[in-house]
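**Q** Next comes the structure file model_10.cif, holding mmCIF, C-alpha atoms and all ligand atoms.
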data_final
loop_
_atom_site.label_atom_id
_atom_site.label_comp_id
_atom_site.auth_asym_id
_atom_site.auth_seq_id
_atom_site.Cartn_x
_atom_site.Cartn_y
_atom_site.Cartn_z
CA MET A 210 132.29 129.89 -76.56
CA ALA A 211 135.20 130.58 -74.26
CA VAL A 212 135.20 134.05 -72.71
CA ARG A 213 138.96 134.21 -73.28
CA HIS A 214 141.80 132.24 -74.84
CA ASP A 215 143.04 130.39 -71.74
CA GLY A 216 139.51 129.08 -71.06
CA ARG A 217 139.23 126.98 -74.21
CA ALA A 218 138.56 123.24 -73.82
CA ASN A 219 140.35 122.55 -77.10
CA PRO A 220 142.35 124.61 -79.59
CA ASN A 221 139.38 124.77 -81.99
CA GLN A 222 136.85 126.17 -79.51
CA LEU A 223 135.38 129.57 -80.38
CA ILE A 224 136.37 132.59 -78.29
CA LEU A 225 133.93 135.44 -77.84
CA ASP A 226 136.30 138.38 -77.49
CA GLU A 227 136.92 141.56 -79.51
CA PRO A 228 139.23 140.03 -82.15
CA HIS A 229 136.81 137.16 -82.89
CA ALA A 230 133.44 138.90 -82.61
CA ALA A 231 133.14 139.80 -86.31
CA GLY A 232 133.73 136.18 -87.32
CA ILE A 233 131.17 134.95 -84.83
CA ARG A 234 128.64 137.48 -86.15
CA GLU A 235 129.28 136.07 -89.64
CA VAL A 236 128.65 132.51 -88.45
CA ARG A 237 125.47 133.56 -86.67
CA ASP A 238 124.19 135.35 -89.79
CA ALA A 239 125.00 132.38 -92.04
CA LEU A 240 123.08 130.04 -89.71
CA VAL A 241 120.07 132.35 -89.60
CA GLU A 242 120.14 132.58 -93.39
CA ALA A 243 120.26 128.78 -93.68
CA HIS A 244 117.33 128.50 -91.27
CA SER A 245 115.37 130.99 -93.34
CA GLU A 246 116.05 129.03 -96.53
CA ALA A 247 115.00 125.76 -94.89
CA HIS A 248 111.93 126.99 -93.00
CA GLY A 249 110.89 130.21 -94.72
CA GLN A 250 111.00 132.22 -91.50
CA THR A 251 113.36 133.35 -88.74
CA ASP A 252 110.94 134.71 -86.14
CA ASP A 253 110.76 131.24 -84.58
CA LEU A 254 114.45 131.36 -83.61
CA VAL A 255 115.81 132.14 -80.14
CA ILE A 256 119.59 132.33 -80.37
CA GLY A 257 121.80 131.70 -77.37
CA PHE A 258 125.58 131.83 -77.01
CA GLN A 259 127.02 129.65 -74.27
CA LEU A 260 129.75 131.43 -72.30
CA THR A 261 132.34 129.33 -70.53
CA HIS A 262 135.78 128.94 -69.03
CA SER A 263 136.86 125.30 -69.09
CA GLY A 264 138.82 125.42 -65.84
CA ARG A 265 140.33 122.01 -65.07
CA TYR A 266 139.83 120.90 -68.68
CA CYS A 267 141.50 123.80 -70.53
CA ARG A 268 143.59 122.82 -73.53
CA PRO A 269 143.74 126.14 -75.36
CA ASN A 270 146.85 125.82 -77.49
CA PRO A 271 147.92 123.81 -80.55
CA GLY A 272 148.99 120.34 -79.47
CA GLY A 273 146.13 120.24 -76.98
CA ALA A 274 148.12 119.82 -73.75
CA PHE A 275 146.12 120.34 -70.57
CA GLU A 276 146.67 123.82 -69.10
CA PRO A 277 144.25 123.62 -66.17
CA ARG A 278 143.06 126.50 -64.00
CA VAL A 279 141.07 125.17 -61.07
CA ALA A 280 138.88 126.17 -58.14
CA PHE A 281 140.66 123.82 -55.71
CA ARG A 282 143.01 120.84 -55.53
CA HIS A 283 141.10 117.59 -56.11
CA PRO A 284 142.74 114.39 -54.82
CA LEU A 285 140.95 112.15 -57.34
CA LEU A 286 141.21 114.32 -60.48
CA ASP A 287 144.41 116.38 -60.21
CA ALA A 288 146.83 113.76 -61.51
CA ARG A 289 144.54 112.81 -64.40
CA PHE A 290 144.32 116.37 -65.69
CA ARG A 291 147.85 117.60 -64.96
CA VAL A 292 147.12 119.70 -61.89
CA THR A 293 150.40 119.60 -60.01
CA ASP A 294 150.76 122.94 -58.31
CA ASP A 295 148.72 125.38 -56.19
CA SER A 296 149.62 128.12 -58.67
CA GLN A 297 147.00 126.52 -60.98
CA ILE A 298 144.27 127.55 -58.52
CA LEU A 299 142.58 130.76 -59.64
CA THR A 300 142.88 133.39 -56.91
CA ASP A 301 140.01 135.65 -55.87
CA ALA A 302 141.76 138.47 -57.75
CA ASP A 303 141.96 136.26 -60.88
CA LEU A 304 138.22 135.66 -60.55
CA ARG A 305 137.45 139.38 -60.49
CA ILE A 306 139.16 139.65 -63.89
CA LEU A 307 137.28 136.58 -65.12
CA ILE A 308 133.95 138.14 -64.10
CA SER A 309 134.75 141.18 -66.22
CA ASP A 310 135.62 138.86 -69.13
CA TYR A 311 132.14 137.29 -68.89
CA VAL A 312 130.58 140.77 -68.85
CA LYS A 313 132.55 141.77 -71.97
CA SER A 314 131.60 138.55 -73.78
CA ALA A 315 127.92 139.08 -72.92
CA ARG A 316 128.12 142.58 -74.43
CA LEU A 317 129.69 141.14 -77.60
CA ALA A 318 127.00 138.43 -77.70
CA LEU A 319 124.33 141.14 -77.78
CA GLU A 320 126.19 142.97 -80.56
CA CYS A 321 126.56 139.72 -82.53
CA GLY A 322 122.79 139.16 -82.49
CA ALA A 323 122.34 136.66 -79.65
CA ASP A 324 119.03 136.75 -77.79
CA PHE A 325 120.53 135.27 -74.63
CA VAL A 326 123.74 134.01 -73.10
CA ASP A 327 123.96 130.75 -71.20
CA ILE A 328 126.28 131.14 -68.21
CA LYS A 329 127.50 127.57 -68.26
CA HIS A 330 127.59 125.72 -64.92
CA CYS A 331 128.04 122.12 -65.98
CA HIS A 332 130.32 119.21 -66.91
CA GLY A 333 133.13 120.00 -64.48
CA TYR A 334 134.02 123.26 -66.20
CA LEU A 335 135.08 126.17 -64.03
CA LEU A 336 131.78 127.63 -62.79
CA HIS A 337 130.44 124.12 -62.15
CA GLU A 338 133.59 123.21 -60.24
CA PHE A 339 133.09 126.28 -58.05
CA LEU A 340 129.66 124.97 -56.99
CA GLY A 341 131.55 122.17 -55.24
CA ALA A 342 134.30 124.38 -53.75
CA ARG A 343 133.29 123.67 -50.14
CA GLY A 344 136.87 123.45 -48.89
CA ARG A 345 138.07 126.66 -50.57
CA SER A 346 138.62 129.69 -48.35
CA GLY A 347 137.91 133.29 -49.34
CA GLU A 348 134.96 134.88 -51.08
CA PHE A 349 134.32 132.11 -53.62
CA GLY A 350 134.41 128.97 -51.49
CA GLY A 351 132.79 127.38 -48.46
CA SER A 352 129.17 128.45 -48.04
CA PHE A 353 126.54 128.07 -50.76
CA GLU A 354 126.47 131.85 -50.99
CA ASN A 355 130.20 132.01 -51.69
CA ARG A 356 130.16 129.08 -54.12
CA THR A 357 127.51 130.85 -56.21
CA ARG A 358 129.12 134.29 -56.02
CA LEU A 359 130.51 134.02 -59.55
CA LEU A 360 127.02 133.70 -61.03
CA ARG A 361 125.63 136.56 -58.97
CA GLU A 362 128.50 138.89 -59.82
CA ILE A 363 128.51 138.02 -63.53
CA VAL A 364 124.78 138.78 -63.71
CA ALA A 365 125.22 142.00 -61.73
CA GLY A 366 128.09 143.01 -64.03
CA ILE A 367 126.08 142.34 -67.19
CA ARG A 368 123.19 144.45 -65.93
CA ALA A 369 125.49 147.22 -64.61
CA ASP A 370 126.87 147.37 -68.15
CA GLY A 371 123.35 148.25 -69.34
CA ASN A 372 123.15 144.99 -71.26
CA PRO A 373 119.53 143.76 -71.52
CA ILE A 374 120.43 140.39 -73.07
CA GLY A 375 118.42 137.34 -71.92
CA LEU A 376 120.12 134.97 -69.49
CA GLY A 377 120.09 131.21 -69.15
CA VAL A 378 122.13 128.60 -67.30
CA ARG A 379 123.13 125.07 -68.28
CA LEU A 380 123.55 123.21 -65.02
CA SER A 381 124.81 119.76 -64.07
CA ALA A 382 121.92 118.98 -61.74
CA PHE A 383 123.71 116.06 -60.07
CA ASP A 384 127.10 114.43 -60.08
CA PHE A 385 128.82 111.17 -59.13
CA LEU A 386 132.20 110.11 -57.84
CA PRO A 387 134.67 109.90 -60.79
CA PHE A 388 134.71 106.62 -62.75
CA VAL A 389 137.63 104.88 -64.49
CA PRO A 390 137.78 101.80 -66.74
CA ASP A 391 138.00 98.54 -64.81
CA ALA A 392 141.26 97.15 -66.27
CA SER A 393 140.57 93.67 -64.87
CA ARG A 394 137.51 93.42 -67.13
CA ALA A 395 139.12 94.75 -70.32
CA ARG A 396 138.66 92.27 -73.19
CA ASN A 397 140.22 91.95 -76.66
CA GLY A 398 142.18 95.18 -76.37
CA ARG A 399 139.06 97.16 -75.47
CA LEU A 400 138.56 99.37 -72.42
CA GLY A 401 136.85 97.75 -69.44
CA PRO A 402 133.51 98.95 -68.08
CA GLY A 403 133.50 101.98 -65.81
CA MET A 404 133.79 101.65 -62.06
CA PRO A 405 133.92 104.34 -59.37
CA VAL A 406 137.40 105.23 -58.13
CA GLY A 407 138.09 104.47 -54.49
CA LEU A 408 137.73 107.34 -52.04
CA SER A 409 141.49 107.15 -51.29
CA GLY A 410 141.00 107.35 -47.55
CA LEU A 411 138.31 110.06 -47.67
CA GLU A 412 135.29 109.35 -45.47
CA ILE A 413 133.01 111.46 -47.61
CA TYR A 414 133.26 112.94 -51.11
CA PRO A 415 132.79 116.68 -50.63
CA PHE A 416 133.88 117.96 -54.05
CA GLY A 417 130.96 117.73 -56.47
CA PHE A 418 127.52 119.31 -56.61
CA GLY A 419 124.14 117.59 -56.41
CA HIS A 420 125.20 114.29 -54.83
CA ASP A 421 125.05 112.81 -51.35
CA PRO A 422 128.62 113.32 -49.96
CA ALA A 423 128.27 110.15 -47.88
CA ASN A 424 127.10 108.13 -50.90
CA PRO A 425 128.39 109.88 -54.02
CA LEU A 426 126.59 107.55 -56.41
CA VAL A 427 123.22 108.95 -55.37
CA PRO A 428 121.88 112.36 -56.46
CA ASP A 429 120.91 114.82 -53.72
CA LEU A 430 118.97 117.72 -55.22
CA THR A 431 118.80 119.94 -52.12
CA GLU A 432 121.43 122.45 -53.27
CA THR A 433 120.39 122.02 -56.90
CA ARG A 434 116.94 123.32 -55.99
CA GLN A 435 118.53 126.16 -54.02
CA PHE A 436 120.57 127.07 -57.10
CA ILE A 437 117.49 127.03 -59.34
CA GLU A 438 115.74 129.35 -56.90
CA LEU A 439 118.79 131.63 -56.92
CA CYS A 440 118.57 131.77 -60.73
CA HIS A 441 114.90 132.70 -60.39
CA THR A 442 115.69 135.57 -58.04
CA LEU A 443 118.38 136.78 -60.47
CA GLY A 444 115.85 136.85 -63.30
CA ILE A 445 117.25 133.76 -65.03
CA THR A 446 114.26 131.62 -65.97
CA LEU A 447 115.77 129.45 -68.72
CA ILE A 448 117.55 126.38 -67.33
CA ASN A 449 119.04 123.48 -69.27
CA LEU A 450 119.60 120.53 -66.97
CA THR A 451 122.34 118.01 -67.64
CA ALA A 452 124.47 115.86 -65.32
CA GLY A 453 128.02 115.09 -64.24
CA SER A 454 130.91 115.56 -66.64
CA PRO A 455 132.11 113.98 -69.89
CA TYR A 456 135.62 113.81 -68.37
CA TYR A 457 135.02 111.68 -65.29
CA VAL A 458 131.45 110.30 -65.47
CA PRO A 459 130.46 110.29 -69.17
CA HIS A 460 127.91 107.51 -68.65
CA ILE A 461 125.67 109.72 -66.47
CA GLN A 462 126.16 112.80 -68.63
CA ARG A 463 125.92 111.45 -72.17
CA PRO A 464 124.50 107.91 -72.09
CA ALA A 465 126.10 106.08 -75.02
CA ALA A 466 126.64 102.60 -76.42
CA PHE A 467 130.28 103.35 -77.31
CA PRO A 468 132.76 105.29 -75.13
CA PRO A 469 135.00 108.18 -76.17
CA SER A 470 138.75 107.43 -76.23
CA ASP A 471 139.22 108.69 -72.66
CA GLY A 472 136.13 106.92 -71.30
CA TYR A 473 135.09 103.35 -70.44
CA GLN A 474 132.54 100.78 -71.59
CA PRO A 475 129.06 101.58 -70.20
CA PRO A 476 128.74 100.28 -66.62
CA GLU A 477 124.94 100.24 -66.96
CA ASP A 478 122.44 100.05 -69.78
CA PRO A 479 122.61 103.56 -71.27
CA LEU A 480 118.81 103.69 -71.04
CA VAL A 481 119.24 103.81 -67.25
CA GLY A 482 121.26 107.00 -67.70
CA VAL A 483 118.61 108.51 -69.97
CA ALA A 484 115.85 107.62 -67.50
CA ARG A 485 117.87 109.03 -64.57
CA GLN A 486 118.17 112.42 -66.25
CA ILE A 487 114.49 112.49 -67.24
CA ALA A 488 113.49 111.65 -63.64
CA VAL A 489 115.75 114.32 -62.13
CA VAL A 490 114.44 117.03 -64.45
CA ARG A 491 110.89 115.99 -63.64
CA ALA A 492 111.58 116.11 -59.89
CA ILE A 493 113.22 119.53 -60.07
CA LYS A 494 110.54 121.03 -62.28
CA ALA A 495 107.82 119.75 -59.93
CA THR A 496 109.13 121.89 -57.06
CA ALA A 497 110.37 124.96 -58.99
CA SER A 498 108.56 128.21 -59.65
CA PRO A 499 106.17 127.87 -62.61
CA GLU A 500 108.01 130.79 -64.21
CA MET A 501 111.07 128.61 -64.76
CA VAL A 502 111.51 127.01 -68.18
CA PHE A 503 113.39 123.70 -68.17
CA VAL A 504 115.16 122.16 -71.14
CA GLY A 505 116.02 118.47 -70.76
CA THR A 506 119.00 116.78 -72.41
CA GLY A 507 120.65 113.37 -72.69
CA TYR A 508 118.05 111.93 -75.09
CA SER A 509 120.31 110.94 -78.02
CA TYR A 510 120.69 107.31 -76.93
CA LEU A 511 116.94 106.92 -77.56
CA GLN A 512 117.89 107.05 -81.25
CA GLU A 513 114.83 106.76 -83.54
CA PHE A 514 112.57 106.90 -80.49
CA LEU A 515 113.94 110.29 -79.42
CA PRO A 516 111.07 112.30 -80.96
CA ASN A 517 108.45 110.02 -79.37
CA VAL A 518 109.96 110.19 -75.88
CA ALA A 519 110.55 113.95 -76.16
CA GLN A 520 106.93 114.45 -77.17
CA ALA A 521 105.75 112.32 -74.24
CA THR A 522 107.88 114.05 -71.58
CA VAL A 523 106.77 117.50 -72.77
CA ARG A 524 103.12 116.42 -72.95
CA GLN A 525 103.28 114.99 -69.44
CA GLY A 526 104.66 118.30 -68.16
CA TRP A 527 107.89 116.67 -66.94
CA VAL A 528 109.97 119.15 -68.97
CA ASP A 529 109.21 122.25 -71.05
CA SER A 530 111.46 121.53 -74.00
CA VAL A 531 114.01 118.93 -75.07
CA GLY A 532 117.42 119.98 -76.38
CA LEU A 533 119.37 117.92 -78.88
CA GLY A 534 123.17 117.69 -78.87
CA ARG A 535 124.86 114.83 -80.69
CA MET A 536 121.77 114.03 -82.74
CA VAL A 537 121.98 117.47 -84.34
CA LEU A 538 125.44 116.63 -85.69
CA SER A 539 124.30 113.51 -87.53
CA TYR A 540 120.69 114.43 -88.33
CA PRO A 541 119.82 118.10 -87.80
CA GLU A 542 116.41 117.72 -89.46
CA ILE A 543 115.18 114.87 -87.26
CA ILE A 544 112.67 116.93 -85.28
CA THR A 545 111.41 118.89 -88.29
CA GLU A 546 110.83 115.62 -90.09
CA ALA A 547 109.18 113.92 -87.11
CA VAL A 548 106.88 116.89 -86.47
CA GLY A 549 106.05 117.01 -90.19
CA GLY A 550 104.95 113.37 -90.03
CA HIS A 551 107.79 112.13 -92.25
CA GLU A 552 109.52 108.81 -91.84
CA ILE A 553 112.77 109.02 -89.86
CA ALA A 554 115.88 108.34 -91.99
CA ARG A 555 117.37 105.52 -89.92
CA THR A 556 120.79 105.75 -91.58
CA ARG A 557 121.20 109.29 -90.25
CA VAL A 558 120.25 108.61 -86.64
CA CYS A 559 123.07 109.14 -84.11
CA ARG A 560 124.17 105.74 -82.78
CA THR A 561 126.26 107.25 -79.95
CA PHE A 562 129.63 106.22 -81.40
CA SER A 563 131.21 109.13 -79.48
CA ASP A 564 133.53 110.10 -82.38
CA CYS A 565 132.33 113.68 -82.00
CA THR A 566 133.86 113.60 -78.49
CA THR A 567 136.96 111.53 -79.26
CA ALA A 568 137.93 113.87 -82.14
CA PRO A 569 138.18 117.14 -80.16
CA ARG A 570 139.76 115.28 -77.23
CA ASN A 571 142.58 114.46 -79.64
CA GLY A 572 142.93 117.89 -81.25
CA LEU A 573 140.71 117.18 -84.29
CA PRO A 574 137.61 119.15 -85.28
CA SER A 575 134.38 117.84 -83.76
CA GLY A 576 131.82 116.38 -86.14
CA CYS A 577 129.93 113.21 -86.92
CA TYR A 578 132.69 111.24 -88.67
CA PRO A 579 130.71 108.00 -89.01
CA LEU A 580 127.54 109.44 -90.54
CA ASP A 581 128.19 112.91 -91.97
CA PRO A 582 129.66 112.58 -95.51
CA HIS A 583 131.59 115.84 -95.04
CA TYR A 584 133.59 114.57 -92.04
CA LYS A 585 133.78 111.02 -93.39
CA ALA A 586 135.71 112.35 -96.41
CA THR A 587 138.26 114.39 -94.45
CA PRO A 588 141.84 113.19 -93.79
CA GLU A 589 141.04 113.51 -90.07
CA ALA A 590 138.62 110.56 -90.38
CA GLU A 591 141.58 108.21 -90.95
CA GLN A 592 143.51 109.77 -88.07
CA LEU A 593 140.50 109.25 -85.84
CA LYS A 594 140.26 105.55 -86.71
CA LYS A 595 143.87 105.03 -85.62
CA ILE A 596 143.32 106.99 -82.41
CA LYS A 597 140.29 104.83 -81.57
CA GLN A 598 142.15 101.59 -82.27
CA ALA A 599 145.04 102.65 -80.05
CA ALA A 600 142.65 103.67 -77.25
CA GLY A 601 140.70 100.40 -77.39
CA VAL A 602 137.32 101.89 -78.25
S1 LIG B 701 129.92 110.83 -83.95
FE1 LIG B 701 127.87 110.91 -84.88
S2 LIG B 701 126.91 108.97 -84.36
FE2 LIG B 701 128.67 109.24 -83.03
S3 LIG B 701 127.87 110.17 -81.15
FE3 LIG B 701 128.59 111.82 -82.45
S4 LIG B 701 126.81 112.44 -83.63
FE4 LIG B 701 126.35 110.44 -82.77
#
Just give me the structure as structure tokens.

**A**
Amino acid sequence: MAVRHDGRANPNQLILDEPHAAGIREVRDALVEAHSEAHGQTDDLVIGFQLTHSGRYCRPNPGGAFEPRVAFRHPLLDARFRVTDDSQILTDADLRILISDYVKSARLALECGADFVDIKHCHGYLLHEFLGARGRSGEFGGSFENRTRLLREIVAGIRADGNPIGLGVRLSAFDFLPFVPDASRARNGRLGPGMPVGLSGLEIYPFGFGHDPANPLVPDLTETRQFIELCHTLGITLINLTAGSPYYVPHIQRPAAFPPSDGYQPPEDPLVGVARQIAVVRAIKATASPEMVFVGTGYSYLQEFLPNVAQATVRQGWVDSVGLGRMVLSYPEIITEAVGGHEIARTRVCRTFSDCTTAPRNGLPSGCYPLDPHYKATPEAEQLKKIKQAAGV
């Protein structure tokens, strides 16, 4: 949920502000009711609202044009996402207002019945971008302390407001240099496989978070661990680890067989991406305080083996819980059925077609168009087919 209108990643994204809070409460209540009908109880639910500002990837208005607000100018991403002017950089004064917007949204989350808010720091969105703002001057750039000031001040603001809501963070634990499709290897009108962009004369890549600046295709978890420890000291013990960004390195973030319309063919076996995320979560958990609770993600490409691998990683103590994203769109009951010893319905398993990403990227509602009969029957399904053909995916 965006904390305000200009922070939406697409024109259909929810906004958690005063005018929309009643509607969000209604959605929350309907979901709890549905859970009760399906499972006969609700005391097993822990409900979180994810709070975000989409920063460089904002497309808040009908038509879906990029309207980016950024932490800093980025020589490899600015042109791709329509950053043309320093006026698109949020000033320190703008950030003070943004902090108060997060505090207001957290208050509304409590009133809407959320148990916790996730202060999103992943996927290139604004708070994640600030973690890499080494070259920015002022209070929110440069040192690790400054780059994490937004989190500290949002948490302080929520508590100063007397709001006891639980807190979590979704964090991109590592990042890579941006990738683009290799046009020289495009075949039959389809996008080429991904390749890293050149450094355009830069000797190091200082912009991301959780990578080695001298070799930005290798994770470096030093600051990631520092950030996790900071969360611990702030009383945030629930951490969902993910990686990179769906906009410039989708293969490390959401390993998939088929790319979204603005992506590229997988440059590696997607299982490598799944294994990389599992290994990073394991390594971080091994050195973190035992009070921290880690949720792993990026498992959907495992398809029908997802429940088995999730069970194994939890049993081994590599992760505390496994979160499902895309798989929930196509087959929300997969875990209930696996745990209940039922056979998995293979026709409902997410095959990582990426339509649920391509659709919102092109102004359509997100959903599993290939496998969910509801979305399959909508007029948008036809539109989506044409968009995919034109994009070569
Ligand atoms: S559209 Fe459906 S099958 Fe494709 S990635 Fe999304 S959930 Fe999976």

**Q** Sorted by chain and rising residue number, list the residues of region 232-315 of chain A at most 12 Å from region 389-399 of chain A (counting all atoms listed in the file), each with its closest atom pair and distance in Å to one decimal, as CSV.

**A**
residue,atom,partner,partner_atom,distance
A:Leu285,CA,A:Val389,CA,10.7
A:Leu286,CA,A:Val389,CA,10.9
A:Arg289,CA,A:Val389,CA,10.5

**Q** Work out how far CA of Glu432 (chain A) is from CA of Val518 (chain A), in Å to one decimal.

**A** 28.2 Å

**Q** With ligand LIG 701 (chain B) as the partner and 6 Å as the cut-off, tabulate the residues of chain A that qualify, each row holding the nearest pair of atoms and their distance in Å to one decimal, using only C-alpha atoms and all ligand atoms, sorted by chain and rising number, as a Markdown table.

**A**
| residue | atom | partner | partner_atom | distance |
| --- | --- | --- | --- | --- |
| A:Arg535 | CA | B:LIG701 | S4 | 4.3 |
| A:Met536 | CA | B:LIG701 | S4 | 5.4 |
| A:Leu538 | CA | B:LIG701 | S4 | 4.9 |
| A:Ser539 | CA | B:LIG701 | S4 | 4.8 |
| A:Cys559 | CA | B:LIG701 | FE4 | 3.8 |
| A:Arg560 | CA | B:LIG701 | S2 | 4.5 |
| A:Thr561 | CA | B:LIG701 | S3 | 3.5 |
| A:Phe562 | CA | B:LIG701 | FE2 | 3.6 |
| A:Ser563 | CA | B:LIG701 | S3 | 3.9 |
| A:Asp564 | CA | B:LIG701 | S1 | 4.0 |
| A:Cys565 | CA | B:LIG701 | FE3 | 4.2 |
| A:Cys577 | CA | B:LIG701 | FE1 | 3.7 |
| A:Tyr578 | CA | B:LIG701 | S1 | 5.5 |
| A:Pro579 | CA | B:LIG701 | FE1 | 5.8 |
| A:Leu580 | CA | B:LIG701 | FE1 | 5.9 |

**Q** My list of candidates is A:Gly371, A:Ser309, A:Ile487, A:Gly572. Which is closest to Ala274 (chain A) when distances are computed with only C-alpha atoms?

**A** A:Gly572

**Q** Quick one: distance from CA of Lys494 (chain A) to CA of Thr431 (chain A) in Å, one decimal?

**A**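 Separation between CA of Lys494 (chain A) and CA of Thr431 (chain A): 13.1 Å.
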
**Q** Any idea what's packed within 7 Å of region 501-503 of chain A, counting only C-alpha atoms, ignoring anything in its chain fewer than 6 positions away? Could you give it as a list in words?

**A** Thr446, Leu447, Ile448, Asn449, Val528, Asp529 and Ser530 of chain A

**Q** Suppose we keep C-alpha atoms; can you now write the selection as a PDB file, in the frame of the given file?

**A**
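Final output, saved to result.pdb:
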ATOM      1  CA  THR A 446     114.260 131.620 -65.970  1.00  0.00           C
ATOM      2  CA  LEU A 447     115.770 129.450 -68.720  1.00  0.00           C
ATOM      3  CA  ILE A 448     117.550 126.380 -67.330  1.00  0.00           C
ATOM      4  CA  ASN A 449     119.040 123.480 -69.270  1.00  0.00           C
ATOM      5  CA  VAL A 528     109.970 119.150 -68.970  1.00  0.00           C
ATOM      6  CA  ASP A 529     109.210 122.250 -71.050  1.00  0.00           C
ATOM      7  CA  SER A 530     111.460 121.530 -74.000  1.00  0.00           C
TER       8      SER A 530
END

**Q** Counting only C-alpha atoms, which residues of region 272-357 of chain A sit at most 12 Å from some atom of region 235-255 of chain A, and what is each one's closest atom pair with its distance in Å to one decimal, listed by chain and rising residue number, as JSON lines?

**A**
{"residue": "A:Ala318", "atom": "CA", "partner": "A:Arg237", "partner_atom": "CA", "distance": 10.3}
{"residue": "A:Leu319", "atom": "CA", "partner": "A:Arg237", "partner_atom": "CA", "distance": 11.7}
{"residue": "A:Glu320", "atom": "CA", "partner": "A:Arg237", "partner_atom": "CA", "distance": 11.2}
{"residue": "A:Cys321", "atom": "CA", "partner": "A:Arg237", "partner_atom": "CA", "distance": 7.5}
{"residue": "A:Gly322", "atom": "CA", "partner": "A:Arg237", "partner_atom": "CA", "distance": 7.5}
{"residue": "A:Ala323", "atom": "CA", "partner": "A:Val255", "partner_atom": "CA", "distance": 8.0}
{"residue": "A:Asp324", "atom": "CA", "partner": "A:Val255", "partner_atom": "CA", "distance": 6.1}
{"residue": "A:Phe325", "atom": "CA", "partner": "A:Val255", "partner_atom": "CA", "distance": 7.9}
{"residue": "A:Val326", "atom": "CA", "partner": "A:Val255", "partner_atom": "CA", "distance": 10.8}

**Q** Quick one: residues within 12 Å of Leu307 (chain A), all atoms listed in the file, excluding same-chain residues fewer than 3 positions away - as a CSV table (one decimal) with C-alpha atoms, keeping the file's coordinate frame?

**A**
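What follows is the written file selection.csv:
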chain,number,residue,atom,x,y,z
A,211,ALA,CA,135.2,130.6,-74.3
A,212,VAL,CA,135.2,134.0,-72.7
A,213,ARG,CA,139.0,134.2,-73.3
A,214,HIS,CA,141.8,132.2,-74.8
A,215,ASP,CA,143.0,130.4,-71.7
A,216,GLY,CA,139.5,129.1,-71.1
A,260,LEU,CA,129.8,131.4,-72.3
A,261,THR,CA,132.3,129.3,-70.5
A,262,HIS,CA,135.8,128.9,-69.0
A,263,SER,CA,136.9,125.3,-69.1
A,264,GLY,CA,138.8,125.4,-65.8
A,278,ARG,CA,143.1,126.5,-64.0
A,299,LEU,CA,142.6,130.8,-59.6
A,300,THR,CA,142.9,133.4,-56.9
A,301,ASP,CA,140.0,135.6,-55.9
A,302,ALA,CA,141.8,138.5,-57.8
A,303,ASP,CA,142.0,136.3,-60.9
A,304,LEU,CA,138.2,135.7,-60.6
A,310,ASP,CA,135.6,138.9,-69.1
A,311,TYR,CA,132.1,137.3,-68.9
A,312,VAL,CA,130.6,140.8,-68.8
A,313,LYS,CA,132.6,141.8,-72.0
A,314,SER,CA,131.6,138.6,-73.8
A,335,LEU,CA,135.1,126.2,-64.0
A,336,LEU,CA,131.8,127.6,-62.8
A,359,LEU,CA,130.5,134.0,-59.6
A,360,LEU,CA,127.0,133.7,-61.0
A,362,GLU,CA,128.5,138.9,-59.8
A,363,ILE,CA,128.5,138.0,-63.5
A,366,GLY,CA,128.1,143.0,-64.0

**Q** In Å to one decimal, how far is CA of Ala231 (chain A) from CA of Pro271 (chain A)?

**A**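 One can read the CA of Pro271 (chain A) to CA of Ala231 (chain A) distance as 22.5 Å.
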
**Q** For Pro284 (chain A), work out the shell of residues within 12 Å, counting all atoms listed in the file and skipping chain neighbours fewer than 2 positions away, then give it as an mmCIF file with C-alpha atoms, in the coordinates of the input.

**A**
data_model
loop_
_atom_site.group_PDB
_atom_site.id
_atom_site.type_symbol
_atom_site.label_atom_id
_atom_site.label_comp_id
_atom_site.auth_asym_id
_atom_site.auth_seq_id
_atom_site.Cartn_x
_atom_site.Cartn_y
_atom_site.Cartn_z
ATOM 1 C CA PHE A 281 140.660 123.820 -55.710
ATOM 2 C CA ARG A 282 143.010 120.840 -55.530
ATOM 3 C CA LEU A 286 141.210 114.320 -60.480
ATOM 4 C CA ASP A 287 144.410 116.380 -60.210
ATOM 5 C CA ALA A 288 146.830 113.760 -61.510
ATOM 6 C CA ARG A 289 144.540 112.810 -64.400
ATOM 7 C CA PHE A 290 144.320 116.370 -65.690
ATOM 8 C CA ARG A 291 147.850 117.600 -64.960
ATOM 9 C CA VAL A 292 147.120 119.700 -61.890
ATOM 10 C CA THR A 293 150.400 119.600 -60.010
ATOM 11 C CA LEU A 386 132.200 110.110 -57.840
ATOM 12 C CA PRO A 387 134.670 109.900 -60.790
ATOM 13 C CA VAL A 406 137.400 105.230 -58.130
ATOM 14 C CA GLY A 407 138.090 104.470 -54.490
ATOM 15 C CA LEU A 408 137.730 107.340 -52.040
ATOM 16 C CA SER A 409 141.490 107.150 -51.290
ATOM 17 C CA GLY A 410 141.000 107.350 -47.550
ATOM 18 C CA LEU A 411 138.310 110.060 -47.670
ATOM 19 C CA TYR A 414 133.260 112.940 -51.110
ATOM 20 C CA PRO A 415 132.790 116.680 -50.630
ATOM 21 C CA PHE A 416 133.880 117.960 -54.050
#

**Q** Quick one: residues within 12 Å of Val602 (chain A), all atoms listed in the file, excluding same-chain residues fewer than 2 positions away - as a PyMOL selection string?

**A** chain A and resi 390+395-402+466-475+562-564+567+593-600

**Q** Just the residues within 6 Å of region 454-462 of chain A, please, counting only C-alpha atoms, with nothing from its chain fewer than 5 positions along; format it as a list in words.

**A**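 Those residues are His332, Gly333, Pro387, Phe388 and Gly482 of chain A.
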